[in-house]
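S.K.: What follows is upload.cif; its format and atoms are mmCIF, C-alpha atoms and all ligand atoms.
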```cif
data_structure
loop_
_atom_site.label_atom_id
_atom_site.label_comp_id
_atom_site.auth_asym_id
_atom_site.auth_seq_id
_atom_site.Cartn_x
_atom_site.Cartn_y
_atom_site.Cartn_z
CA MET A 1479 120.52 126.70 66.94
CA PRO A 1480 122.95 128.22 64.45
CA LYS A 1481 124.01 125.93 61.63
CA LEU A 1482 127.57 125.51 60.60
CA GLY A 1483 128.92 127.84 58.00
CA LEU A 1484 132.22 128.38 59.63
CA PRO A 1485 135.86 128.74 58.77
CA ILE A 1486 137.89 125.84 60.05
CA TRP A 1487 140.74 126.75 62.35
CA ARG A 1488 143.36 124.10 62.35
CA LYS A 1489 146.48 125.99 63.23
CA ARG A 1490 147.57 125.05 66.72
CA GLY A 1491 147.92 128.11 68.91
CA ARG A 1492 144.87 129.95 67.60
CA ARG A 1493 142.87 130.57 70.71
CA CYS A 1494 139.25 130.79 71.58
CA ALA A 1495 139.15 134.56 71.76
CA ALA A 1496 140.26 134.93 68.16
CA ALA A 1497 137.78 132.31 67.07
CA LEU A 1498 134.97 134.13 68.79
CA ILE A 1499 135.73 137.40 67.03
CA ALA A 1500 135.55 135.66 63.67
CA LEU A 1501 132.33 133.92 64.59
CA LEU A 1502 130.30 136.64 66.22
CA ALA A 1503 128.77 137.92 63.00
CA ALA A 1504 127.87 134.45 61.74
CA ALA A 1505 126.74 132.92 65.01
CA PRO A 1506 124.60 135.35 66.99
CA LEU A 1507 123.55 132.68 69.49
CA LEU A 1508 127.09 131.88 70.49
CA THR A 1509 127.46 132.98 74.08
CA GLY A 1510 131.06 132.27 74.93
CA CYS A 1511 133.89 129.80 75.11
CA GLY A 1512 133.20 128.69 78.64
CA THR A 1513 130.14 126.61 77.81
CA GLY A 1514 131.29 124.17 75.15
CA LEU A 1515 134.15 121.88 74.30
CA ARG A 1516 137.52 123.13 75.51
CA LEU A 1517 140.90 121.68 74.74
CA PRO A 1518 143.97 122.07 76.96
CA ASP A 1519 146.59 124.51 75.79
CA ASP A 1520 149.76 122.86 77.05
CA GLY A 1521 151.25 121.81 73.73
CA ARG A 1522 150.26 118.15 73.99
CA ARG A 1523 148.49 116.45 71.11
CA THR A 1524 144.75 116.30 71.74
CA VAL A 1525 141.92 113.87 71.02
CA VAL A 1526 138.25 114.78 70.70
CA THR A 1527 135.40 112.26 70.63
CA THR A 1528 131.77 112.88 69.76
CA PHE A 1529 130.24 111.47 72.97
CA THR A 1530 131.11 110.34 76.48
CA VAL A 1531 131.34 106.58 75.93
CA LEU A 1532 134.00 107.00 73.25
CA ALA A 1533 135.88 109.53 75.38
CA ASP A 1534 136.11 107.15 78.32
CA MET A 1535 137.28 104.22 76.18
CA THR A 1536 139.90 106.49 74.64
CA ARG A 1537 141.10 107.74 78.05
CA ALA A 1538 141.55 104.13 79.13
CA VAL A 1539 143.77 103.40 76.13
CA SER A 1540 145.62 106.71 76.37
CA GLY A 1541 146.34 106.22 80.06
CA GLY A 1542 146.87 109.93 80.63
CA VAL A 1543 149.34 110.39 77.75
CA LEU A 1544 146.93 112.46 75.65
CA PRO A 1545 144.12 114.78 76.79
CA VAL A 1546 140.72 113.46 75.62
CA GLU A 1547 137.55 115.56 75.49
CA SER A 1548 133.98 114.74 74.49
CA ILE A 1549 131.85 117.14 72.44
CA ILE A 1550 128.60 115.83 73.99
CA LYS A 1551 128.59 116.05 77.79
CA PRO A 1552 127.47 113.40 80.33
CA GLY A 1553 123.70 112.84 80.43
CA ALA A 1554 122.99 114.71 77.20
CA GLU A 1555 121.01 113.20 74.35
CA VAL A 1556 123.22 111.84 71.56
CA HIS A 1557 120.64 111.31 68.83
CA GLY A 1558 119.83 114.56 67.09
CA TYR A 1559 122.52 116.49 68.98
CA GLU A 1560 123.20 119.97 67.57
CA PRO A 1561 126.80 121.05 68.11
CA THR A 1562 127.56 124.68 68.88
CA PRO A 1563 129.98 126.63 66.68
CA SER A 1564 132.50 126.67 69.51
CA ASP A 1565 132.26 122.86 69.77
CA MET A 1566 133.21 122.60 66.15
CA LEU A 1567 136.01 125.14 66.32
CA SER A 1568 137.57 123.29 69.22
CA ALA A 1569 137.10 119.92 67.54
CA ALA A 1570 138.82 121.22 64.42
CA ARG A 1571 141.92 122.01 66.51
CA ALA A 1572 142.22 118.42 67.76
CA ASP A 1573 144.90 116.14 66.35
CA VAL A 1574 142.33 113.44 65.81
CA VAL A 1575 138.53 113.34 66.17
CA LEU A 1576 136.93 109.96 66.94
CA ASP A 1577 133.31 109.31 66.00
CA ASN A 1578 131.05 106.26 66.26
CA GLY A 1579 129.64 106.23 62.74
CA LEU A 1580 126.72 103.97 61.68
CA GLY A 1581 124.58 107.11 61.35
CA LEU A 1582 124.76 108.06 65.05
CA GLU A 1583 126.25 111.52 64.56
CA SER A 1584 124.56 112.86 61.44
CA TRP A 1585 125.91 116.35 62.22
CA PHE A 1586 129.44 115.00 62.16
CA GLN A 1587 129.39 114.50 58.39
CA GLN A 1588 129.15 118.26 57.98
CA PHE A 1589 132.21 118.67 60.18
CA VAL A 1590 134.16 116.09 58.19
CA GLN A 1591 133.33 117.79 54.92
CA ARG A 1592 134.47 121.19 56.18
CA SER A 1593 137.44 120.25 58.32
CA GLU A 1594 140.88 118.98 57.48
CA ALA A 1595 141.18 117.48 60.97
CA ARG A 1596 142.03 113.80 60.96
CA HIS A 1597 139.08 111.64 61.98
CA VAL A 1598 138.64 107.95 62.67
CA THR A 1599 135.31 106.10 62.78
CA LEU A 1600 135.53 103.64 65.67
CA SER A 1601 132.81 101.25 64.45
CA ARG A 1602 134.99 100.42 61.44
CA GLY A 1603 135.16 96.63 61.12
CA VAL A 1604 131.88 96.03 62.97
CA GLU A 1605 129.23 94.00 61.16
CA PRO A 1606 126.19 96.34 61.14
CA ILE A 1607 122.73 95.18 62.20
CA PRO A 1608 119.92 96.97 60.31
CA ILE A 1609 117.32 98.90 62.30
CA ARG A 1610 114.06 96.96 62.39
CA ALA A 1611 111.47 99.68 61.89
CA ALA A 1612 109.05 100.94 59.28
CA GLY A 1613 110.72 103.48 57.03
CA GLN A 1614 114.26 102.70 58.21
CA GLN A 1615 114.96 99.52 56.28
CA GLY A 1616 118.66 99.22 55.60
CA ALA A 1617 119.81 101.92 58.03
CA PRO A 1618 122.34 100.45 60.47
CA ASN A 1619 121.62 100.35 64.19
CA PRO A 1620 124.23 102.76 65.61
CA HIS A 1621 124.59 101.22 69.11
CA ALA A 1622 127.47 98.90 68.27
CA TRP A 1623 129.43 99.87 71.43
CA MET A 1624 126.87 98.03 73.57
CA SER A 1625 128.32 94.68 72.49
CA PRO A 1626 131.49 93.63 74.35
CA ARG A 1627 132.66 91.89 71.19
CA ASN A 1628 132.32 95.09 69.17
CA ALA A 1629 133.85 97.14 72.00
CA LYS A 1630 137.07 95.19 71.58
CA SER A 1631 137.14 96.25 67.94
CA TYR A 1632 136.58 99.88 69.02
CA VAL A 1633 139.53 99.56 71.44
CA ALA A 1634 141.81 98.27 68.67
CA ASN A 1635 140.78 101.18 66.44
CA ILE A 1636 141.45 103.64 69.27
CA ARG A 1637 144.87 102.10 69.94
CA ASP A 1638 145.80 102.44 66.26
CA ALA A 1639 144.49 106.03 66.04
CA LEU A 1640 146.47 107.14 69.12
CA THR A 1641 149.58 105.37 67.89
CA ARG A 1642 149.40 107.25 64.60
CA ILE A 1643 149.41 110.65 66.28
CA GLU A 1644 151.81 109.75 69.16
CA PRO A 1645 154.00 106.83 67.98
CA ALA A 1646 156.50 107.32 70.81
CA HIS A 1647 153.88 105.92 73.22
CA ALA A 1648 152.85 102.98 71.03
CA GLU A 1649 153.82 100.42 73.67
CA THR A 1650 151.79 102.19 76.39
CA PHE A 1651 148.72 102.25 74.13
CA ARG A 1652 149.21 98.58 73.20
CA ARG A 1653 149.47 97.52 76.85
CA ASN A 1654 146.52 99.65 77.98
CA ALA A 1655 144.36 98.35 75.14
CA ALA A 1656 145.22 94.74 76.01
CA ASP A 1657 144.40 95.28 79.73
CA TYR A 1658 141.15 97.03 78.88
CA THR A 1659 140.16 94.26 76.47
CA ARG A 1660 140.66 91.67 79.22
CA ARG A 1661 138.31 93.63 81.49
CA ILE A 1662 135.66 93.79 78.75
CA ASP A 1663 136.05 90.02 78.32
CA GLU A 1664 135.40 89.47 82.04
CA ILE A 1665 132.07 91.32 81.84
CA GLU A 1666 131.03 89.44 78.72
CA GLN A 1667 131.90 86.15 80.40
CA TYR A 1668 129.84 87.08 83.48
CA LEU A 1669 126.85 87.88 81.29
CA ARG A 1670 127.13 84.67 79.28
CA THR A 1671 127.51 82.53 82.40
CA GLU A 1672 124.61 84.09 84.29
CA LEU A 1673 122.22 84.18 81.32
CA GLY A 1674 123.14 80.55 80.62
CA LYS A 1675 121.63 79.62 84.00
CA LEU A 1676 118.21 81.01 83.01
CA PRO A 1677 115.51 78.96 81.32
CA GLU A 1678 115.33 79.75 77.61
CA GLN A 1679 111.89 81.34 78.10
CA GLN A 1680 113.34 84.04 80.38
CA ARG A 1681 116.17 85.12 78.06
CA ALA A 1682 114.38 88.15 76.63
CA LEU A 1683 115.46 91.79 76.71
CA VAL A 1684 112.62 94.28 76.21
CA THR A 1685 113.71 97.92 76.41
CA CYS A 1686 112.50 101.41 75.51
CA GLU A 1687 114.99 102.15 72.72
CA GLY A 1688 116.16 99.37 70.40
CA ALA A 1689 119.72 99.93 71.52
CA PHE A 1690 120.63 96.36 72.45
CA SER A 1691 120.56 94.53 69.11
CA TYR A 1692 124.33 93.90 69.12
CA LEU A 1693 124.46 92.86 72.76
CA ALA A 1694 121.43 90.58 72.38
CA ARG A 1695 122.94 88.90 69.33
CA ASP A 1696 126.25 88.29 71.09
CA VAL A 1697 124.89 86.80 74.30
CA GLY A 1698 121.82 84.96 73.00
CA LEU A 1699 118.95 87.18 74.16
CA ARG A 1700 115.70 87.69 72.26
CA GLU A 1701 115.34 91.43 71.77
CA ASP A 1702 112.36 93.72 71.51
CA TYR A 1703 111.68 97.38 72.24
CA LEU A 1704 109.09 100.14 72.27
CA TRP A 1705 110.77 102.36 69.67
CA PRO A 1706 113.77 101.73 67.40
CA VAL A 1707 115.88 104.87 67.97
CA ASN A 1708 115.51 107.87 70.30
CA SER A 1709 114.46 111.01 68.39
CA ASP A 1710 111.81 108.97 66.58
CA SER A 1711 108.34 108.88 68.12
CA GLU A 1712 108.72 107.61 71.67
CA GLY A 1713 105.97 105.69 73.47
CA THR A 1714 103.07 105.98 71.00
CA PRO A 1715 99.85 104.05 71.79
CA GLN A 1716 100.66 101.63 68.94
CA GLN A 1717 104.17 100.98 70.29
CA ILE A 1718 102.78 100.33 73.77
CA LYS A 1719 100.11 98.02 72.35
CA ASN A 1720 102.63 96.00 70.28
CA THR A 1721 105.08 95.60 73.17
CA THR A 1722 102.32 94.75 75.64
CA ARG A 1723 101.11 91.97 73.35
CA LEU A 1724 104.62 90.57 72.91
CA VAL A 1725 105.45 90.67 76.62
CA ARG A 1726 102.19 88.97 77.46
CA ASP A 1727 102.43 86.32 74.71
CA GLN A 1728 106.05 85.44 75.49
CA ARG A 1729 105.59 85.69 79.27
CA VAL A 1730 108.62 88.01 79.46
CA PRO A 1731 109.49 88.32 83.18
CA ALA A 1732 110.85 91.89 83.20
CA VAL A 1733 111.07 94.97 81.00
CA PHE A 1734 113.66 97.75 81.09
CA CYS A 1735 114.15 101.39 80.12
CA GLU A 1736 117.21 103.59 79.57
CA SER A 1737 118.56 106.51 81.57
CA THR A 1738 118.18 109.22 78.92
CA VAL A 1739 114.47 108.69 78.14
CA ASN A 1740 111.13 108.79 79.95
CA ASP A 1741 110.10 105.33 81.19
CA LYS A 1742 106.37 106.13 81.38
CA ALA A 1743 105.44 103.99 78.35
CA GLN A 1744 107.36 101.01 79.69
CA GLN A 1745 105.72 101.46 83.09
CA GLN A 1746 102.41 101.12 81.28
CA VAL A 1747 103.56 97.90 79.58
CA ALA A 1748 104.61 96.52 82.97
CA ALA A 1749 101.31 97.50 84.58
CA GLU A 1750 99.25 95.91 81.81
CA THR A 1751 101.21 92.66 81.62
CA GLY A 1752 102.40 92.07 85.18
CA ALA A 1753 106.05 92.11 84.04
CA ARG A 1754 108.48 93.65 86.53
CA MET A 1755 110.34 96.89 85.77
CA GLY A 1756 113.82 95.37 85.64
CA GLY A 1757 115.73 98.61 86.18
CA THR A 1758 117.45 101.46 84.36
CA LEU A 1759 119.95 100.65 81.63
CA TYR A 1760 122.67 102.99 80.39
CA VAL A 1761 123.42 103.25 76.69
CA ASP A 1762 123.86 106.65 75.06
CA SER A 1763 125.68 108.47 77.84
CA LEU A 1764 127.83 107.93 80.89
CA SER A 1765 126.83 109.62 84.12
CA GLU A 1766 128.78 112.42 85.76
CA PRO A 1767 131.70 111.34 87.99
CA GLY A 1768 130.12 110.06 91.22
CA GLY A 1769 127.02 108.83 89.34
CA PRO A 1770 126.14 105.18 88.73
CA VAL A 1771 128.16 104.72 85.51
CA PRO A 1772 131.03 107.22 85.28
CA THR A 1773 133.01 104.89 82.97
CA TYR A 1774 132.23 102.61 80.05
CA LEU A 1775 133.21 99.50 82.04
CA ASP A 1776 130.81 100.65 84.77
CA LEU A 1777 128.11 101.00 82.10
CA LEU A 1778 128.68 97.48 80.74
CA ARG A 1779 128.86 96.00 84.25
CA HIS A 1780 125.78 97.88 85.48
CA ASP A 1781 123.73 96.81 82.46
CA ALA A 1782 124.90 93.19 82.71
CA GLU A 1783 123.98 93.01 86.40
CA THR A 1784 120.65 94.81 85.87
CA ILE A 1785 119.65 92.51 83.00
CA VAL A 1786 120.63 89.37 84.90
CA GLY A 1787 118.94 90.60 88.08
CA GLY A 1788 115.74 91.58 86.27
CA LEU A 1789 115.41 88.35 84.31
CA SER A 1790 116.39 86.09 87.22
CA GLY A 1791 113.40 86.87 89.38
CA GLY A 1792 111.49 83.82 88.22
CA ALA A 1793 109.09 83.15 85.38
CA ARG A 1794 105.61 84.61 85.38
ZN ZN B 1 120.51 105.49 71.49
#
```
Output the file's structure as structure tokens, nothing else.
M.R.:
Amino acid sequence: MPKLGLPIWRKRGRRCAAALIALLAAAPLLTGCGTGLRLPDDGRRTVVTTFTVLADMTRAVSGGVLPVESIIKPGAEVHGYEPTPSDMLSAARADVVLDNGLGLESWFQQFVQRSEARHVTLSRGVEPIPIRAAGQQGAPNPHAWMSPRNAKSYVANIRDALTRIEPAHAETFRRNAADYTRRIDEIEQYLRTELGKLPEQQRALVTCEGAFSYLARDVGLREDYLWPVNSDSEGTPQQIKNTTRLVRDQRVPAVFCESTVNDKAQQQVAAETGARMGGTLYVDSLSEPGGPVPTYLDLLRHDAETIVGGLSGGAR
């Protein structure tokens, strides 16, 4: 994959064809403008996000006022993503670029250093939880959007970012953000109420990736996982052994895995302990339209229902 070493094109009106000519010598693997991020060319201000979850939240707040595009497409791996040169050229033309931060998009720092495009980090204001893993002490867990409480902070940051670039629609953004926040609250309330009905022993969330630290903290679940972050080693014999021991010792009723990774290791934990496979959780990507979680609210709702359903099947 070619690395960035690119001129930054900020001037609105410069089009993809011109960008390609400038890039061809430096980026031999670039195949064309049709494959990557594309921004509309109708004169409206534009917003780019790094991945699909942020794009959907931003569309909800924008309410159709501003076009919103995601660099990473539905279903693609977020951790360790390598942007194409055309992704970055398009992103540089946006009026604002929204990223997650907390170390999720390591490639984005390079973009920020080279681009004059305005950018806003949506996890700003969130209290980070450190990753619990050998060799990663102190690094923040990036999955802050999985907590409804944090999501409301993201929504406020999105509202403020959109208002700065399109102040004439400030009231629309304020109203949309307030409506969206109420819907996030409803899902959080459902999860709290349903988990509150379970015996303490059953309130445990064991997943493949350690992506649920914020959610678990907010709703009172014990959390464990096979590996801390995707792109590290996934499903090693030691990880399987450690999780198997924990699930057995704590009599955890069900274990879960996420949509973007292989669930083979977790299947092995389930087989060795008798825990149920509780279902597929969505974290790092939305699905395509028509899939199970085309929006962020669908993702939160699906995960809440899957967790409650998996843990409610009785103690072992
Ligand atoms: Zn992840």
S.K.: Counting only C-alpha atoms and all ligand atoms, which residues of chain A sit at most 6 Å from some atom of ligand ZN 1 (chain B), and what is each one's closest atom pair with its distance in Å to one decimal, listed by chain and rising residue number, as a tab-separated table?
M.R.:
```
residue	atom	partner	partner_atom	distance
A:Ala1689	CA	B:ZN1	ZN	5.6
A:Val1707	CA	B:ZN1	ZN	5.8
A:Asn1708	CA	B:ZN1	ZN	5.7
A:Asp1762	CA	B:ZN1	ZN	5.0
```
S.K.: Store the residues picked out above in a file with C-alpha atoms, as a compact mmCIF listing (two decimals), in the coordinates of the input.
M.R.:
```txt
# COMPACT_ATOMS: atom_id res chain seq x y z
CA ALA A 1689 119.72 99.93 71.52
CA VAL A 1707 115.88 104.87 67.97
CA ASN A 1708 115.51 107.87 70.30
CA ASP A 1762 123.86 106.65 75.06
```
S.K.: For range 1583-1589 of chain A, find every residue with an atom within 9 Å (counting only C-alpha atoms), except residues of its own chain fewer than 4 positions away, and show them as a ChimeraX atom specification.
M.R.: /A:1482,1528,1556-1561,1566,1569-1570,1577-1579,1593
S.K.: Mind checking which residues fall within 12 Å of Val1730 in chain A, counting all atoms listed in the file, ignoring those fewer than 5 positions away in the same chain, and posting them as a PyMOL selection string?
M.R.: chain A and resi 1677-1685+1699-1702+1721-1725+1747-1748+1751-1756+1788-1794
S.K.: Restricting the calculation to all atoms listed in the file: of A:Leu1517, A:Cys1686, A:Val1525, A:Val1575, which residue gets closest to Ser1711 in chain A?
M.R.: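 Closest candidate: A:Cys1686.
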S.K.: Looking at A:Pro1715, A:Val1574, A:Tyr1703, A:Ile1665, which one is nearest to Asp1638 in chain A, with distances taken over all atoms listed in the file?
M.R.: A:Val1574
S.K.: Could you give me, as number ranges by chain, the residues within 12 Å of Gly1688 in chain A, counting all atoms listed in the file and dropping anything in the same chain fewer than 5 positions from it?
M.R.: A: 1607-1611, 1618-1622, 1624, 1683, 1693-1694, 1700-1710, 1712, 1734-1736, 1759, 1761-1762
S.K.: I'd like the neighbourhood of Arg1522 in chain A as a ChimeraX atom specification, where a residue qualifies if any of its atoms comes within 9 Å (using all atoms listed in the file), though same-chain residues fewer than 6 positions away should be ignored.
M.R.: /A:1543-1545
S.K.: Check the smallest atom-to-atom distance from each of A:Ala1595, A:Ala1629, A:Leu1580, A:Val1786 to Val1531 in chain A using only C-alpha atoms, then report the winner.
M.R.: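 Under the stated criterion, the closest residue is A:Ala1629.
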S.K.: Looking at all atoms listed in the file, which of A:Ile1643, A:Glu1547, A:Glu1555, A:Asn1740 is the one that sits closest to Arg1596 in chain A?
M.R.: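 Of A:Ile1643, A:Glu1547, A:Glu1555, A:Asn1740, the one nearest Arg1596 in chain A is A:Ile1643, counting all atoms listed in the file.
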